[in-house]
>>> print(open('start-v7.txt').read())   # compact mmCIF, C-alpha atoms
# COMPACT_ATOMS: atom_id res chain seq x y z
CA MET A 1 33.04 40.78 37.28
CA GLU A 2 33.39 40.53 41.05
CA THR A 3 32.14 44.09 41.52
CA LEU A 4 29.08 43.38 39.38
CA LEU A 5 28.34 40.32 41.49
CA CYS A 6 28.81 42.35 44.70
CA ILE A 7 26.44 45.05 43.41
CA LEU A 8 23.85 42.43 42.48
CA ILE A 9 24.07 40.74 45.90
CA ALA A 10 23.89 44.13 47.64
CA ASN A 11 20.76 45.08 45.67
CA ILE A 12 19.12 41.77 46.50
CA CYS A 13 19.93 42.24 50.19
CA LEU A 14 18.80 45.89 50.21
CA ASN A 15 15.66 45.38 48.12
CA PRO A 16 13.49 42.44 49.24
CA LEU A 17 11.25 42.88 46.20
CA ILE A 18 14.11 41.76 43.93
CA PHE A 19 14.70 38.80 46.24
CA TRP A 20 11.04 37.72 46.08
CA LEU A 21 10.90 38.17 42.31
CA ILE A 22 13.97 35.92 41.96
CA VAL A 23 12.33 33.31 44.22
CA ILE A 24 9.12 33.50 42.15
CA LEU A 25 11.08 33.13 38.91
CA VAL A 26 13.25 30.22 40.10
CA THR A 27 10.37 28.24 41.62
CA ALA A 28 8.14 28.87 38.58
CA VAL A 29 10.89 27.64 36.24
CA ILE A 30 11.38 24.53 38.38
CA GLU A 31 7.62 23.92 38.32
CA GLY A 32 7.56 24.33 34.55
CA MET A 33 10.34 21.77 34.12
CA THR A 34 8.56 19.04 36.06
CA VAL A 35 5.45 16.99 35.29
CA SER A 36 4.01 17.13 38.79
CA LEU A 37 3.47 19.73 41.48
CA THR A 38 6.87 20.31 43.06
CA SER A 39 7.40 24.00 43.78
CA ILE A 40 4.16 25.83 43.03
CA TRP A 41 3.55 26.28 46.77
CA PHE A 42 6.77 28.27 47.12
CA THR A 43 5.92 30.38 44.08
CA PHE A 44 2.60 31.28 45.69
CA GLY A 45 4.30 31.96 49.04
CA ALA A 46 6.89 34.26 47.40
CA LEU A 47 4.13 36.10 45.56
CA CYS A 48 2.32 36.72 48.87
CA ALA A 49 5.60 37.84 50.47
CA ALA A 50 6.14 40.32 47.61
CA ILE A 51 2.63 41.67 48.24
CA ALA A 52 3.54 41.98 51.94
CA TYR A 53 6.59 44.02 50.88
CA TRP A 54 4.35 46.39 48.88
CA CYS A 55 2.12 46.73 51.96
CA GLY A 56 5.16 47.94 53.94
CA CYS A 57 5.80 44.85 56.09
CA SER A 58 9.27 44.21 57.47
CA PHE A 59 11.51 41.55 55.91
CA THR A 60 10.93 39.33 58.96
CA ALA A 61 7.16 39.59 58.41
CA GLN A 62 7.66 38.80 54.73
CA ILE A 63 9.58 35.64 55.64
CA VAL A 64 6.75 34.63 58.00
CA VAL A 65 4.17 35.26 55.24
CA PHE A 66 6.26 33.20 52.80
CA LEU A 67 6.56 30.25 55.21
CA VAL A 68 2.92 30.31 56.36
CA VAL A 69 1.47 30.59 52.84
CA SER A 70 3.86 28.01 51.36
CA LEU A 71 3.29 25.43 54.10
CA SER A 72 -0.48 26.06 54.20
CA SER A 73 -0.87 25.62 50.46
CA LEU A 74 1.33 22.50 50.58
CA ILE A 75 -0.80 20.95 53.34
CA LEU A 76 -4.08 21.94 51.68
CA SER A 77 -3.01 20.48 48.34
CA PHE A 78 -2.42 17.10 49.95
CA LYS A 79 -5.54 17.28 52.12
CA PHE A 80 -7.84 18.05 49.19
CA ARG A 81 -6.83 15.37 46.69
CA PRO A 82 -9.56 16.25 44.14
CA ILE A 83 -8.05 19.73 43.78
CA ARG A 84 -4.57 18.25 43.45
CA LYS A 85 -5.76 15.75 40.82
CA PHE A 86 -7.39 18.59 38.89
CA LEU A 87 -4.20 20.66 38.98
CA SER A 88 -1.82 17.82 38.14
CA HIS A 89 -1.50 16.17 34.76
CA GLN A 90 -4.08 13.52 34.07
CA VAL A 91 -3.09 10.28 32.36
CA ILE A 92 -5.13 9.41 29.30
CA ALA A 93 -5.27 5.76 28.32
CA THR A 94 -3.66 5.24 24.92
CA ASN A 95 -2.34 2.31 22.93
CA TYR A 96 -2.84 -0.96 24.77
CA GLU A 97 -4.26 0.64 27.96
CA ALA A 98 -7.29 1.79 25.96
CA SER A 99 -8.07 -1.86 25.09
CA VAL A 100 -8.64 -2.91 28.70
CA GLY A 101 -12.37 -3.06 29.39
CA GLN A 102 -13.28 -3.29 25.69
CA THR A 103 -15.46 -5.97 24.14
CA ALA A 104 -13.63 -8.23 21.70
CA LEU A 105 -14.61 -10.86 19.14
CA VAL A 106 -12.92 -14.27 19.38
CA ILE A 107 -11.51 -15.26 15.98
CA LYS A 108 -9.44 -18.27 17.09
CA GLU A 109 -10.35 -20.39 20.13
CA VAL A 110 -9.19 -18.86 23.41
CA SER A 111 -8.55 -21.08 26.43
CA SER A 112 -7.17 -20.82 29.95
CA GLN A 113 -5.84 -24.39 29.86
CA PRO A 114 -2.09 -24.53 30.61
CA GLY A 115 -0.10 -25.36 27.49
CA ALA A 116 -3.02 -24.64 25.16
CA VAL A 117 -2.41 -22.88 21.86
CA VAL A 118 -2.77 -19.13 22.22
CA GLY A 119 -6.02 -17.86 20.72
CA GLN A 120 -6.80 -14.65 18.89
CA ILE A 121 -9.32 -11.87 19.37
CA LYS A 122 -10.21 -8.75 17.43
CA ILE A 123 -10.47 -5.43 19.27
CA LYS A 124 -11.46 -2.44 17.13
CA GLN A 125 -10.07 -3.95 13.92
CA GLN A 126 -6.82 -5.06 15.62
CA VAL A 127 -5.96 -8.72 16.08
CA TRP A 128 -4.45 -9.66 19.45
CA SER A 129 -3.09 -12.92 20.86
CA ALA A 130 -5.27 -13.85 23.79
CA VAL A 131 -5.64 -16.25 26.70
CA ALA A 132 -8.64 -16.70 28.95
CA GLN A 133 -8.49 -15.59 32.56
CA SER A 134 -7.94 -18.45 35.01
CA LYS A 135 -10.71 -18.95 37.55
CA ALA A 136 -10.14 -21.02 40.69
CA GLY A 137 -9.32 -24.33 39.01
CA GLN A 138 -11.90 -23.94 36.23
CA ILE A 139 -10.82 -23.95 32.62
CA GLN A 140 -12.49 -21.33 30.45
CA CYS A 141 -12.78 -21.75 26.73
CA PHE A 142 -14.27 -19.33 24.19
CA ALA A 143 -15.15 -20.47 20.66
CA PRO A 144 -14.71 -18.33 17.56
CA GLY A 145 -17.54 -15.82 17.23
CA ALA A 146 -17.96 -15.36 21.00
CA LEU A 147 -17.82 -11.91 22.54
CA VAL A 148 -15.43 -11.49 25.48
CA LYS A 149 -14.22 -8.65 27.67
CA VAL A 150 -10.54 -7.68 27.82
CA VAL A 151 -9.58 -7.57 31.53
CA ALA A 152 -5.82 -6.99 31.21
CA ILE A 153 -2.88 -6.87 28.85
CA LYS A 154 0.20 -8.86 29.86
CA GLY A 155 3.09 -8.58 27.49
CA VAL A 156 1.71 -9.25 24.00
CA HIS A 157 -1.35 -11.20 25.18
CA ALA A 158 -4.80 -9.90 26.01
CA ILE A 159 -6.35 -11.59 29.05
CA VAL A 160 -10.08 -12.09 28.42
CA ASP A 161 -13.07 -13.14 30.48
CA ALA A 162 -16.73 -13.82 29.80
CA LEU A 163 -18.80 -10.78 28.89
CA ASP A 164 -21.10 -9.69 31.72
CA ASP A 165 -24.72 -10.01 30.62
CA LYS A 166 -26.26 -7.68 33.19
>>> encode(input="start-v7.txt", output="structure tokens")
Amino acid sequence: METLLCILIANICLNPLIFWLIVILVTAVIEGMTVSLTSIWFTFGALCAAIAYWCGCSFTAQIVVFLVVSLSSLILSFKFRPIRKFLSHQVIATNYEASVGQTALVIKEVSSQPGAVVGQIKIKQQVWSAVAQSKAGQIQCFAPGALVKVVAIKGVHAIVDALDDK
């Protein structure tokens, strides 16, 4: 077993292409196991270093190519946020997050008065407990049949406000 390991290490040291392929494989696997960009820059850098090997560059030059390409792509990915947002996973609003911003129908009086009975609204055929949003000392109250806008979800209650009539 030790001789096999020694042969493997000797081949990696003697053949930089094997080294760069291992770096590409390891960093690509790490990238695949995460949900955000963590090692893709090093994968790209190792790929460019492997190309430098095929072009006949020395191992020192390959290391320089790897470092320059990896660091440049890392810096550029943070500098150009739209590109990074496009490449990273986008969050899609589901469940309760999708209700924020929706118009709802009041089915049981909703008030912002402290200690008031919690009202109810209907959002897309679902009934939610609701309270009105507090506004600088003013008490808001919405009667059944009124249309309101869901501005937030806190716990099991929808926070609603008057519908903008613009």
>>> residues_around(input="start-v7.txt", residues="range 122-133 of chain A", least_positions_apart="4", cutoff="8 Å", atoms="only C-alpha atoms", output="list of chain:residue names")
A:Ser99, A:Gln102, A:Thr103, A:Ala104, A:Leu105, A:Val106, A:Ile107, A:Val110, A:Ser111, A:Ser112, A:Val118, A:Gln140, A:Cys141, A:Phe142, A:Val156, A:His157, A:Ala158, A:Ile159, A:Val160, A:Asp161
>>> closest_residue(input="start-v7.txt", among="A:Gly119, A:Gln138, A:Val151, A:Pro16", to="Tyr53 in chain A", atoms="only C-alpha atoms")
A:Pro16
>>> residues_around(input="start-v7.txt", residues="Leu163 in chain A", least_positions_apart="4", cutoff="9 Å", atoms="only C-alpha atoms", output="PDB file with C-alpha atoms, keeping the file's coordinate frame")
ATOM      1  CA  THR A 103     -15.460  -5.970  24.140  1.00  0.00           C
ATOM      2  CA  LEU A 147     -17.820 -11.910  22.540  1.00  0.00           C
ATOM      3  CA  VAL A 148     -15.430 -11.490  25.480  1.00  0.00           C
ATOM      4  CA  LYS A 149     -14.220  -8.650  27.670  1.00  0.00           C
ATOM      5  CA  VAL A 150     -10.540  -7.680  27.820  1.00  0.00           C
TER       6      VAL A 150
END
>>> atom_distance(input="start-v7.txt", atom1="CA of Gly115 in chain A", atom2="CA of Ile153 in chain A")
18.7 Å
>>> atom_distance(input="start-v7.txt", atom1="CA of Ala61 in chain A", atom2="CA of Phe19 in chain A")
14.3 Å
>>> closest_residue(input="start-v7.txt", among="A:Pro144, A:Ala49, A:Trp54, A:Gly101", to="Ile121 in chain A", atoms="all atoms listed in the file")
A:Pro144
>>> atom_distance(input="start-v7.txt", atom1="CA of Leu17 in chain A", atom2="CA of Ala50 in chain A")
5.9 Å
